[in-house]
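Everything below belongs to query00.tsv, which stores TSV, C-alpha atoms.
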```tsv
chain	number	residue	atom	x	y	z
A	196	MET	CA	166.82	152.53	184.26
A	197	THR	CA	165.69	150.24	181.50
A	198	THR	CA	167.76	149.85	178.34
A	199	ASN	CA	165.96	149.89	175.02
A	200	ARG	CA	165.29	146.53	173.41
A	201	LYS	CA	167.59	145.75	170.51
A	202	GLY	CA	167.78	143.18	167.79
A	203	GLN	CA	169.81	142.45	164.71
A	204	ALA	CA	169.63	140.14	161.71
A	205	GLY	CA	171.45	139.45	158.47
A	206	SER	CA	175.13	139.72	157.69
A	207	LEU	CA	177.75	141.58	155.71
A	208	GLU	CA	177.95	138.77	153.13
A	209	SER	CA	177.34	139.58	149.50
A	210	CYS	CA	173.61	139.92	148.59
A	211	ASP	CA	172.71	140.38	152.25
A	212	ALA	CA	172.15	143.31	154.60
A	213	LEU	CA	172.99	143.70	158.27
A	214	VAL	CA	170.02	145.28	160.03
A	215	GLU	CA	170.32	146.59	163.59
A	216	VAL	CA	167.24	147.75	165.45
A	217	GLU	CA	166.75	149.68	168.68
A	218	LEU	CA	163.16	150.17	169.86
A	219	ARG	CA	162.86	153.76	171.04
A	220	GLY	CA	161.12	157.04	170.44
A	221	ASP	CA	157.89	157.69	168.65
A	222	ARG	CA	158.94	157.49	165.02
A	223	VAL	CA	160.92	155.15	162.76
A	224	GLU	CA	164.38	156.54	162.03
A	225	CYS	CA	166.39	154.94	159.29
A	226	VAL	CA	170.14	155.04	158.72
A	227	ILE	CA	171.18	153.49	155.44
A	228	ASP	CA	174.73	152.58	154.49
A	229	SER	CA	174.60	151.24	150.94
A	230	PRO	CA	176.65	151.41	147.74
A	231	VAL	CA	173.41	152.37	146.00
A	232	ALA	CA	172.13	154.72	148.69
A	233	GLU	CA	171.82	157.62	146.28
A	234	MET	CA	169.64	155.73	143.80
A	235	TYR	CA	167.74	153.41	146.12
A	236	GLY	CA	168.02	155.01	149.54
A	237	ALA	CA	164.48	156.38	149.49
A	238	GLU	CA	163.03	153.07	148.39
A	239	MET	CA	164.98	151.19	151.07
A	240	ARG	CA	163.73	153.66	153.64
A	241	SER	CA	160.12	153.07	152.60
A	242	GLN	CA	160.63	149.29	152.72
A	243	VAL	CA	161.86	149.61	156.31
A	244	GLU	CA	158.92	151.83	157.26
A	245	ALA	CA	156.42	149.46	155.64
A	246	VAL	CA	157.73	146.44	157.55
A	247	ALA	CA	157.76	148.38	160.83
A	248	ALA	CA	154.15	149.43	160.22
A	249	GLU	CA	153.12	145.82	159.47
A	250	LEU	CA	154.53	144.79	162.84
A	251	GLY	CA	152.90	147.71	164.65
A	252	VAL	CA	156.23	149.30	165.54
A	253	SER	CA	155.98	153.08	165.77
A	254	GLY	CA	159.29	153.92	167.42
A	255	ALA	CA	162.61	152.52	166.33
A	256	ARG	CA	166.07	153.33	165.10
A	257	VAL	CA	166.90	151.03	162.21
A	258	SER	CA	170.40	150.89	160.82
A	259	VAL	CA	170.93	149.09	157.52
A	260	THR	CA	174.35	148.13	156.19
A	261	ASP	CA	173.59	146.92	152.71
A	262	ARG	CA	175.72	144.51	150.68
A	263	GLY	CA	173.49	144.24	147.63
A	264	ALA	CA	170.33	142.83	149.17
A	265	VAL	CA	167.32	142.80	146.85
A	266	ASN	CA	164.01	144.09	148.23
A	267	PHE	CA	162.68	140.83	149.57
A	268	VAL	CA	165.95	140.08	151.37
A	269	LEU	CA	165.97	143.52	152.96
A	270	ARG	CA	162.35	143.13	154.09
A	271	ALA	CA	163.09	139.70	155.55
A	272	ARG	CA	166.12	141.00	157.49
A	273	VAL	CA	164.26	144.06	158.79
A	274	GLU	CA	161.36	141.88	159.92
A	275	ALA	CA	163.72	139.44	161.63
A	276	ALA	CA	165.59	142.21	163.46
A	277	LEU	CA	162.36	143.88	164.59
A	278	ARG	CA	160.87	140.58	165.78
A	279	ARG	CA	164.03	139.79	167.73
A	280	ALA	CA	163.93	143.20	169.36
A	281	LEU	CA	160.22	142.82	170.17
A	282	ALA	CA	160.86	139.40	171.67
A	283	GLY	CA	162.97	140.96	174.35
A	284	GLY	CA	166.11	141.94	172.62
A	285	GLY	CA	168.74	139.68	171.12
A	286	ALA	CA	170.97	139.22	168.12
B	128	MET	CA	153.18	110.41	134.44
B	129	GLU	CA	154.83	111.70	137.62
B	130	ARG	CA	157.06	114.69	137.04
B	131	LEU	CA	160.83	114.53	136.57
B	132	ARG	CA	162.85	114.80	139.74
B	133	ARG	CA	166.32	113.86	138.52
B	134	THR	CA	168.01	116.47	140.68
B	135	LEU	CA	166.88	117.82	144.06
B	136	MET	CA	169.22	120.67	144.98
B	137	TYR	CA	169.62	121.80	148.57
B	138	VAL	CA	169.73	125.57	149.07
B	139	PRO	CA	170.55	126.85	152.60
B	140	GLY	CA	167.61	128.95	153.79
B	141	SER	CA	169.91	131.34	155.62
B	142	ASN	CA	171.92	132.38	152.55
B	143	PRO	CA	170.41	135.19	150.46
B	144	ALA	CA	173.04	134.93	147.71
B	145	LEU	CA	172.35	131.22	147.14
B	146	ILE	CA	168.58	131.67	147.42
B	147	ARG	CA	168.79	134.28	144.67
B	148	SER	CA	171.01	132.32	142.30
B	149	ALA	CA	170.09	128.65	142.75
B	150	GLY	CA	167.10	128.77	140.41
B	151	LEU	CA	169.26	129.97	137.52
B	152	PHE	CA	170.81	126.50	137.29
B	153	VAL	CA	167.40	124.88	136.89
B	154	PRO	CA	167.56	121.69	138.91
B	155	ASP	CA	164.33	119.68	138.58
B	156	VAL	CA	163.65	120.48	142.26
B	157	LEU	CA	164.81	123.43	144.38
B	158	CYS	CA	164.98	122.19	147.97
B	159	PHE	CA	165.27	125.20	150.27
B	160	ASP	CA	166.60	124.11	153.62
B	161	LEU	CA	165.60	125.05	157.16
B	162	GLU	CA	167.23	122.03	158.79
B	163	ASP	CA	170.90	121.04	158.92
B	164	SER	CA	172.34	123.98	156.95
B	165	VAL	CA	170.73	126.56	159.26
B	166	ALA	CA	172.10	127.21	162.76
B	167	LEU	CA	169.57	127.13	165.61
B	168	ALA	CA	170.03	130.84	166.29
B	169	GLU	CA	169.19	131.62	162.68
B	170	LYS	CA	166.07	129.45	162.23
B	171	ASP	CA	163.76	132.43	162.76
B	172	SER	CA	165.44	134.67	160.20
B	173	ALA	CA	165.81	131.84	157.67
B	174	ARG	CA	162.05	131.22	157.90
B	175	LEU	CA	161.50	134.87	157.07
B	176	LEU	CA	163.96	134.78	154.15
B	177	LEU	CA	162.13	131.78	152.68
B	178	ARG	CA	158.70	133.25	153.33
B	179	HIS	CA	159.65	136.42	151.49
B	180	ALA	CA	161.43	134.46	148.75
B	181	LEU	CA	158.30	132.36	148.13
B	182	GLU	CA	156.42	135.60	147.51
B	183	HIS	CA	158.89	136.39	144.73
B	184	LEU	CA	159.31	133.12	142.84
B	185	GLU	CA	159.31	135.00	139.55
B	186	LEU	CA	162.71	136.36	140.64
B	187	ILE	CA	164.30	133.26	142.15
B	188	ASN	CA	162.77	130.46	140.06
B	189	PRO	CA	162.72	131.61	136.44
B	190	GLY	CA	163.26	128.04	135.22
B	191	GLY	CA	160.15	126.62	136.86
B	192	SER	CA	161.84	124.09	139.14
B	193	GLU	CA	159.59	122.35	141.62
B	194	VAL	CA	159.65	124.28	144.90
B	195	MET	CA	160.37	122.18	147.97
B	196	VAL	CA	161.37	123.05	151.55
B	197	ARG	CA	163.17	120.72	153.94
B	198	VAL	CA	161.67	121.55	157.33
B	199	ASN	CA	162.98	120.52	160.73
B	200	ALA	CA	162.14	117.10	162.15
B	201	LEU	CA	158.91	116.33	164.01
B	202	ASP	CA	160.69	116.07	167.36
B	203	SER	CA	162.64	119.34	166.96
B	204	GLY	CA	159.93	121.63	168.26
B	205	LEU	CA	160.54	123.80	165.20
B	206	LEU	CA	158.32	122.19	162.59
B	207	GLU	CA	155.07	124.05	163.22
B	208	GLU	CA	156.69	127.45	162.88
B	209	ASP	CA	158.53	126.24	159.77
B	210	LEU	CA	155.20	125.31	158.18
B	211	ALA	CA	153.56	128.58	159.26
B	212	ALA	CA	156.27	130.44	157.38
B	213	VAL	CA	156.57	128.42	154.17
B	214	VAL	CA	153.15	126.89	153.45
B	215	ARG	CA	151.80	129.44	151.00
B	216	PRO	CA	151.03	129.63	147.27
B	217	GLY	CA	154.17	128.65	145.41
B	218	LEU	CA	155.25	125.87	147.76
B	219	GLU	CA	154.83	122.46	146.14
B	220	ALA	CA	156.49	119.95	148.44
B	221	ILE	CA	157.90	119.40	151.90
B	222	ARG	CA	160.88	117.19	152.68
B	223	LEU	CA	160.55	115.63	156.14
B	224	PRO	CA	163.87	114.63	157.71
B	225	LYS	CA	164.24	111.68	160.09
B	226	ALA	CA	161.00	110.02	159.05
B	227	GLU	CA	160.71	106.78	161.01
B	228	SER	CA	157.09	105.63	160.79
B	229	ALA	CA	153.80	105.95	158.98
B	230	GLY	CA	152.66	107.89	162.05
B	231	ASP	CA	155.31	110.53	161.37
B	232	VAL	CA	154.01	111.04	157.85
B	233	ARG	CA	150.39	111.17	159.02
B	234	ARG	CA	151.26	113.69	161.74
B	235	LEU	CA	152.93	115.92	159.16
B	236	GLY	CA	149.86	115.48	156.97
B	237	GLU	CA	147.61	116.80	159.76
B	238	LEU	CA	149.83	119.84	160.28
B	239	LEU	CA	149.95	120.43	156.52
B	240	GLU	CA	146.19	120.26	156.19
B	241	ARG	CA	145.81	122.97	158.80
B	242	ALA	CA	148.50	125.12	157.19
B	243	GLU	CA	147.03	124.62	153.69
B	244	SER	CA	143.65	125.76	154.95
B	245	GLU	CA	145.13	128.88	156.54
B	246	ALA	CA	147.05	129.68	153.35
B	247	GLY	CA	144.04	129.18	151.10
B	248	LEU	CA	145.59	126.16	149.39
B	249	SER	CA	143.50	123.13	148.51
B	250	ALA	CA	143.80	120.28	150.99
B	251	GLY	CA	146.42	117.74	149.99
B	252	SER	CA	148.04	119.94	147.38
B	253	ILE	CA	151.45	119.86	149.07
B	254	ARG	CA	153.42	116.67	148.41
B	255	VAL	CA	155.75	115.09	150.92
B	256	SER	CA	159.09	113.35	150.56
B	257	PRO	CA	160.04	111.59	153.79
B	258	VAL	CA	163.79	111.27	154.30
B	259	LEU	CA	164.80	107.82	155.51
B	260	GLU	CA	168.08	108.34	157.33
B	261	SER	CA	168.07	105.93	160.25
B	262	VAL	CA	167.77	102.22	160.94
B	263	ALA	CA	164.17	102.74	162.04
B	264	GLY	CA	163.38	104.74	158.92
B	265	ILE	CA	164.73	102.16	156.49
B	266	THR	CA	163.08	99.36	158.46
B	267	ALA	CA	159.74	101.15	158.14
B	268	ALA	CA	160.20	102.05	154.47
B	269	ARG	CA	157.12	100.18	153.22
B	270	GLU	CA	154.71	101.65	155.75
B	271	ILE	CA	156.15	105.14	155.20
B	272	ALA	CA	155.76	104.87	151.42
B	273	THR	CA	152.06	104.06	151.75
B	274	ALA	CA	151.27	106.29	154.74
B	275	SER	CA	149.71	109.06	152.68
B	276	SER	CA	148.78	109.95	149.13
B	277	ARG	CA	150.88	113.08	149.62
B	278	VAL	CA	154.05	110.94	149.49
B	279	MET	CA	155.46	111.21	145.96
B	280	GLY	CA	158.86	109.70	146.70
B	281	LEU	CA	161.23	108.44	149.39
B	282	SER	CA	164.57	110.21	149.96
B	283	PHE	CA	167.64	108.43	151.25
B	284	GLY	CA	170.05	110.06	153.74
B	285	ALA	CA	173.18	107.91	153.87
B	286	GLU	CA	175.30	109.90	156.33
B	287	ASP	CA	172.96	109.69	159.31
B	288	TYR	CA	171.87	106.18	158.38
B	289	THR	CA	175.45	104.90	158.28
B	290	ARG	CA	176.20	106.46	161.64
B	291	ASP	CA	173.04	104.90	163.10
B	292	LEU	CA	174.13	101.54	161.74
B	293	GLY	CA	177.56	101.88	163.35
B	294	ALA	CA	179.13	101.39	159.94
B	295	GLU	CA	181.67	103.40	157.98
B	296	ARG	CA	180.80	105.45	154.94
B	297	THR	CA	182.82	104.32	151.89
B	298	ARG	CA	182.97	105.27	148.23
B	299	GLU	CA	181.88	101.84	147.09
B	300	GLY	CA	178.82	102.06	149.30
B	301	ASP	CA	178.69	98.44	150.49
B	302	GLU	CA	177.39	99.62	153.84
B	303	ILE	CA	174.33	101.25	152.27
B	304	ARG	CA	173.59	98.76	149.52
B	305	HIS	CA	170.90	97.01	151.52
B	306	ALA	CA	169.27	100.26	152.62
B	307	ARG	CA	169.17	101.53	149.03
B	308	GLY	CA	167.52	98.28	147.97
B	309	GLU	CA	164.93	98.43	150.75
B	310	LEU	CA	164.07	102.03	149.98
B	311	ILE	CA	163.69	101.45	146.24
B	312	LEU	CA	161.63	98.31	146.77
B	313	ALA	CA	159.32	100.05	149.22
B	314	ALA	CA	158.92	103.07	146.95
B	315	LYS	CA	158.25	101.07	143.79
B	316	ALA	CA	155.89	98.63	145.50
B	317	ALA	CA	153.83	101.70	146.43
B	318	GLY	CA	154.16	103.28	142.98
B	319	ARG	CA	156.28	106.17	144.29
B	320	GLN	CA	159.65	107.58	143.33
B	321	ALA	CA	163.02	107.07	145.04
B	322	TYR	CA	165.79	109.69	145.42
B	323	ASP	CA	169.38	108.77	146.21
B	324	THR	CA	171.59	110.41	148.82
B	325	VAL	CA	173.88	113.39	148.41
B	326	PHE	CA	177.40	112.94	146.96
B	327	GLY	CA	179.44	115.22	149.18
B	328	ASP	CA	182.68	115.64	147.24
B	329	VAL	CA	181.82	118.50	144.91
B	330	ALA	CA	185.24	118.41	143.26
B	331	ASP	CA	184.96	114.75	142.25
B	332	GLU	CA	182.92	114.83	139.04
B	333	ALA	CA	183.89	111.33	137.92
B	334	GLY	CA	182.91	109.91	141.29
B	335	LEU	CA	179.56	111.68	141.14
B	336	GLU	CA	178.87	110.41	137.62
B	337	ALA	CA	179.69	106.83	138.61
B	338	GLU	CA	177.47	106.99	141.68
B	339	ALA	CA	174.62	108.64	139.79
B	340	ARG	CA	174.72	105.97	137.04
B	341	ARG	CA	174.77	103.25	139.67
B	342	ALA	CA	171.82	104.87	141.42
B	343	ARG	CA	169.88	105.07	138.19
B	344	GLY	CA	170.71	101.45	137.42
B	345	LEU	CA	169.35	100.42	140.83
B	346	GLY	CA	166.05	102.08	140.09
B	347	PHE	CA	166.36	105.51	141.69
B	348	ASP	CA	164.47	108.27	139.89
B	349	GLY	CA	166.82	111.03	140.95
B	350	LYS	CA	169.54	112.14	143.32
B	351	SER	CA	169.96	114.96	145.81
B	352	VAL	CA	172.70	117.47	144.97
B	353	ILE	CA	174.38	120.21	146.96
B	354	HIS	CA	176.02	122.33	144.23
B	355	PRO	CA	174.94	123.61	140.81
B	356	ALA	CA	177.99	121.95	139.19
B	357	GLN	CA	176.48	118.58	140.07
B	358	ILE	CA	173.23	119.16	138.17
B	359	ALA	CA	174.39	118.50	134.60
B	360	VAL	CA	176.32	115.38	135.63
B	361	VAL	CA	173.34	113.85	137.39
B	362	HIS	CA	170.91	114.76	134.59
B	363	ARG	CA	173.20	113.01	132.09
B	364	ALA	CA	173.21	109.88	134.25
B	365	PHE	CA	169.42	109.78	134.55
B	366	ASP	CA	168.44	110.63	131.00
B	367	PRO	CA	167.86	107.81	128.53
B	368	SER	CA	170.63	107.54	125.95
B	369	GLU	CA	170.06	107.75	122.20
B	370	GLU	CA	170.71	104.01	122.09
B	371	GLU	CA	168.02	103.29	124.70
B	372	ILE	CA	165.52	105.48	122.87
B	373	ARG	CA	166.28	103.79	119.55
B	374	HIS	CA	165.85	100.39	121.15
B	375	ALA	CA	162.58	101.42	122.79
B	376	ARG	CA	161.20	102.58	119.44
B	377	ARG	CA	162.17	99.27	117.84
B	378	VAL	CA	160.42	97.35	120.62
B	379	LEU	CA	157.15	99.23	120.16
B	380	THR	CA	157.38	98.96	116.39
B	381	ALA	CA	157.85	95.19	116.65
B	382	ILE	CA	154.80	94.98	118.93
B	383	ARG	CA	152.66	97.02	116.51
B	384	HIS	CA	153.66	94.85	113.57
B	385	ALA	CA	152.95	91.65	115.49
B	386	GLU	CA	149.52	92.92	116.57
B	387	ALA	CA	148.68	93.95	113.03
B	388	GLU	CA	149.55	90.45	111.78
B	389	GLY	CA	147.70	88.76	114.62
B	390	ALA	CA	150.87	87.04	115.86
B	391	GLY	CA	150.70	85.80	119.45
B	392	VAL	CA	154.33	86.26	120.39
B	393	VAL	CA	156.61	89.15	119.62
B	394	SER	CA	160.35	88.80	119.32
B	395	LEU	CA	163.12	91.25	118.60
B	396	ASP	CA	166.77	90.42	118.04
B	397	GLY	CA	166.07	86.86	119.05
B	398	ARG	CA	164.53	87.84	122.38
B	399	MET	CA	160.93	87.67	123.48
B	400	VAL	CA	159.17	90.97	123.93
B	401	ASP	CA	156.77	90.44	126.79
B	402	ALA	CA	154.79	92.83	128.97
B	403	PRO	CA	157.67	94.03	131.20
B	404	VAL	CA	159.82	94.73	128.12
B	405	ARG	CA	156.96	96.67	126.54
B	406	ARG	CA	156.37	98.68	129.73
B	407	ARG	CA	160.06	99.51	129.98
B	408	ALA	CA	160.11	100.74	126.37
B	409	GLU	CA	157.01	102.87	126.97
B	410	ARG	CA	158.64	104.37	130.09
B	411	VAL	CA	161.81	105.23	128.20
B	412	LEU	CA	159.89	106.97	125.43
B	413	ALA	CA	157.63	108.80	127.88
B	414	ARG	CA	160.72	110.11	129.67
B	415	ALA	CA	162.34	111.08	126.35
B	416	ARG	CA	159.19	112.99	125.42
B	417	LEU	CA	159.20	114.81	128.78
B	418	LEU	CA	162.76	115.87	128.12
B	419	GLY	CA	161.93	117.19	124.67
B	420	GLY	CA	165.11	118.04	122.85
B	421	GLU	CA	167.39	117.58	125.84
B	422	VAL	CA	168.29	113.94	125.34
B	423	GLN	CA	172.01	113.32	124.92
B	424	ASP	CA	174.09	110.36	123.91
B	425	GLY	CA	174.64	108.07	126.85
```

Target encoding structure tokens, full file:
Amino acid sequence: MTTNRKGQAGSLESCDALVEVELRGDRVECVIDSPVAEMYGAEMRSQVEAVAAELGVSGARVSVTDRGAVNFVLRARVEAALRRALAGGGA
Amino acid sequence: MERLRRTLMYVPGSNPALIRSAGLFVPDVLCFDLEDSVALAEKDSARLLLRHALEHLELINPGGSEVMVRVNALDSGLLEEDLAAVVRPGLEAIRLPKAESAGDVRRLGELLERAESEAGLSAGSIRVSPVLESVAGITAAREIATASSRVMGLSFGAEDYTRDLGAERTREGDEIRHARGELILAAKAAGRQAYDTVFGDVADEAGLEAEARRARGLGFDGKSVIHPAQIAVVHRAFDPSEEEIRHARRVLTAIRHAEAEGAGVVSLDGRMVDAPVRRRAERVLARARLLGGEVQDG
């Protein structure tokens, strides 16, 4: 039985986000843990989906633990985590 | 006149908080780092952070600092991917660590030309500052300075150089005096700038000021810094003082008067004002003009 490929990037430091990715399924699921989830949760979700689409990823579970990352930081961390997962899984 | 590069501030490419805030302190140059401050396992994600940051310079560089990236060395196997990530509109210069020959600079130039073309940038638009931080690098300073028109200035890295020499790093800097001299000579002979090494003790403001003044006195055009608190101190050391500006004005006034009267020799305060004195005065005033209202008492 094969395990799903995983990847993670970022950290829990201030202004950063820890993004954990598991490649699975046929849609992009997003779990957001953020102090501003209520106000920005939807936007963060769409950032994650946009990056996944750019990389041609159609099935993934993406978990974001946000510590005040601005958009471009979040996108960079999501892209890094996805690429690491695609490369064969690794942190 | 070449632009001001009094301070070149290193910003670790793996640190989102520092990437976001560094520009607020307005060093003359923001030097985002992919080399020594980024662990090997994090090179890939740091490249992505910088790539995305470069797409949002309006957020991270409100003060208009020059945008530079220190990539990994030619022999690291990481350089080409570094360039693929950061060579894009917004990038102005690359700092090349461990430069040891003209060939190194030319090789980087070839890679840059390819990357510029892919990014839609005009060929040659990205400047290069080779870092001389080894015996071989300092020995080859003159050929490195003239290796390419992209080279706008030579950077000195004292830590690695001192280790390579088998010497001990000291506050007085005896062990690096010769290397500083070689680097400045090579840079100035080629009409380029020279940037002094980092002063590592962030808490020692007096020590930094002394070293920065000494560097300026030796002919350096600027100094690398590693913390925003160092910026103001180094700028003060590299800016012309009110006294120097006053003197420069008097020199040029004396020259104008002498020319108007058809006198062959100009003298001021009992000293001859010849071509080098005139050039120095013109340089001081040009720098003062560049600084606008920022000039402080020395």

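Those residues of chain B that fall within 8 Å of chain A when using only C-alpha atoms read Pro143, Ala144, Asp171, Ser172, Leu175, Leu176, His179, Ala180 and His183 of chain B.
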
Quiz item: If you count only C-alpha atoms, which residues fall within 8 Å of A:Arg222, apart from same-chain ones fewer than 4 positions away, as a PyMOL selection string?
Solution: chain A and resi 253-255

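From atom CA of B:Ile372 back to atom CA of B:Gly391, the distance works out to 24.9 Å.
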
Quiz item: Around (169.2, 107.0, 162.6) in the file's frame, which residues reach within 8 Å when counting only C-alpha atoms? Return as a ChimeraX atom specification?
Solution: /B:225,260-264,287-292

Quiz prompt | Near-A:Lys201 list (10 Å; only C-alpha atoms; drop same-chain fewer than 6 positions) as a PyMOL selection string | solution = chain A and resi 215-219+255-257+276-286

Quiz prompt | B:Ile221 environment, 7 Å, all atoms listed in the file, sequence neighbours closer than 5 positions dropped, as a VMD selection string | solution = chain B and resid 195 to 198 254 to 256

Quiz prompt | Polymer residues at most 7 Å from stretch 224-230 of chain A, all atoms listed in the file, same-chain spacing of 6 or more positions, as number ranges by chain | solution = A: 236, 240, 255-262

Self-check item: Neighbour list for B:Glu302 as a ChimeraX atom specification, cut-off 10 Å, all atoms listed in the file, skip fewer than 5 positions in-chain
Solution: /B:285,288-289,292-297,307

Box for stretch 259-274 of chain A - axis-aligned, 3 Å on each of the six sides, all listed atoms - centre and size in Å to one decimal, as AutoDock Vina command-line options.
```
--center_x 168.5 --center_y 144.4 --center_z 153.4 --size_x 20.4 --size_y 15.4 --size_z 19.1
```

Quiz item: Counting all atoms listed in the file, which residues come within 12 Å of (182.1, 100.6, 145.3), with the point read in the file's coordinates, and could you list them as number ranges by chain?
Solution: B: 296-304, 334, 337-338, 341-342

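Between atom CA of B:Arg277 and atom CA of B:Gln320 there is a distance of 12.1 Å.
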
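Separating atom CA of B:Arg407 from atom CA of B:Leu379 is a distance of 10.2 Å.
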
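Remark: for B:Leu335, the closest of the candidate residues B:Asp366, B:Asp323, B:Asp160, B:Glu286 is B:Asp323 (distances computed over all atoms listed in the file).
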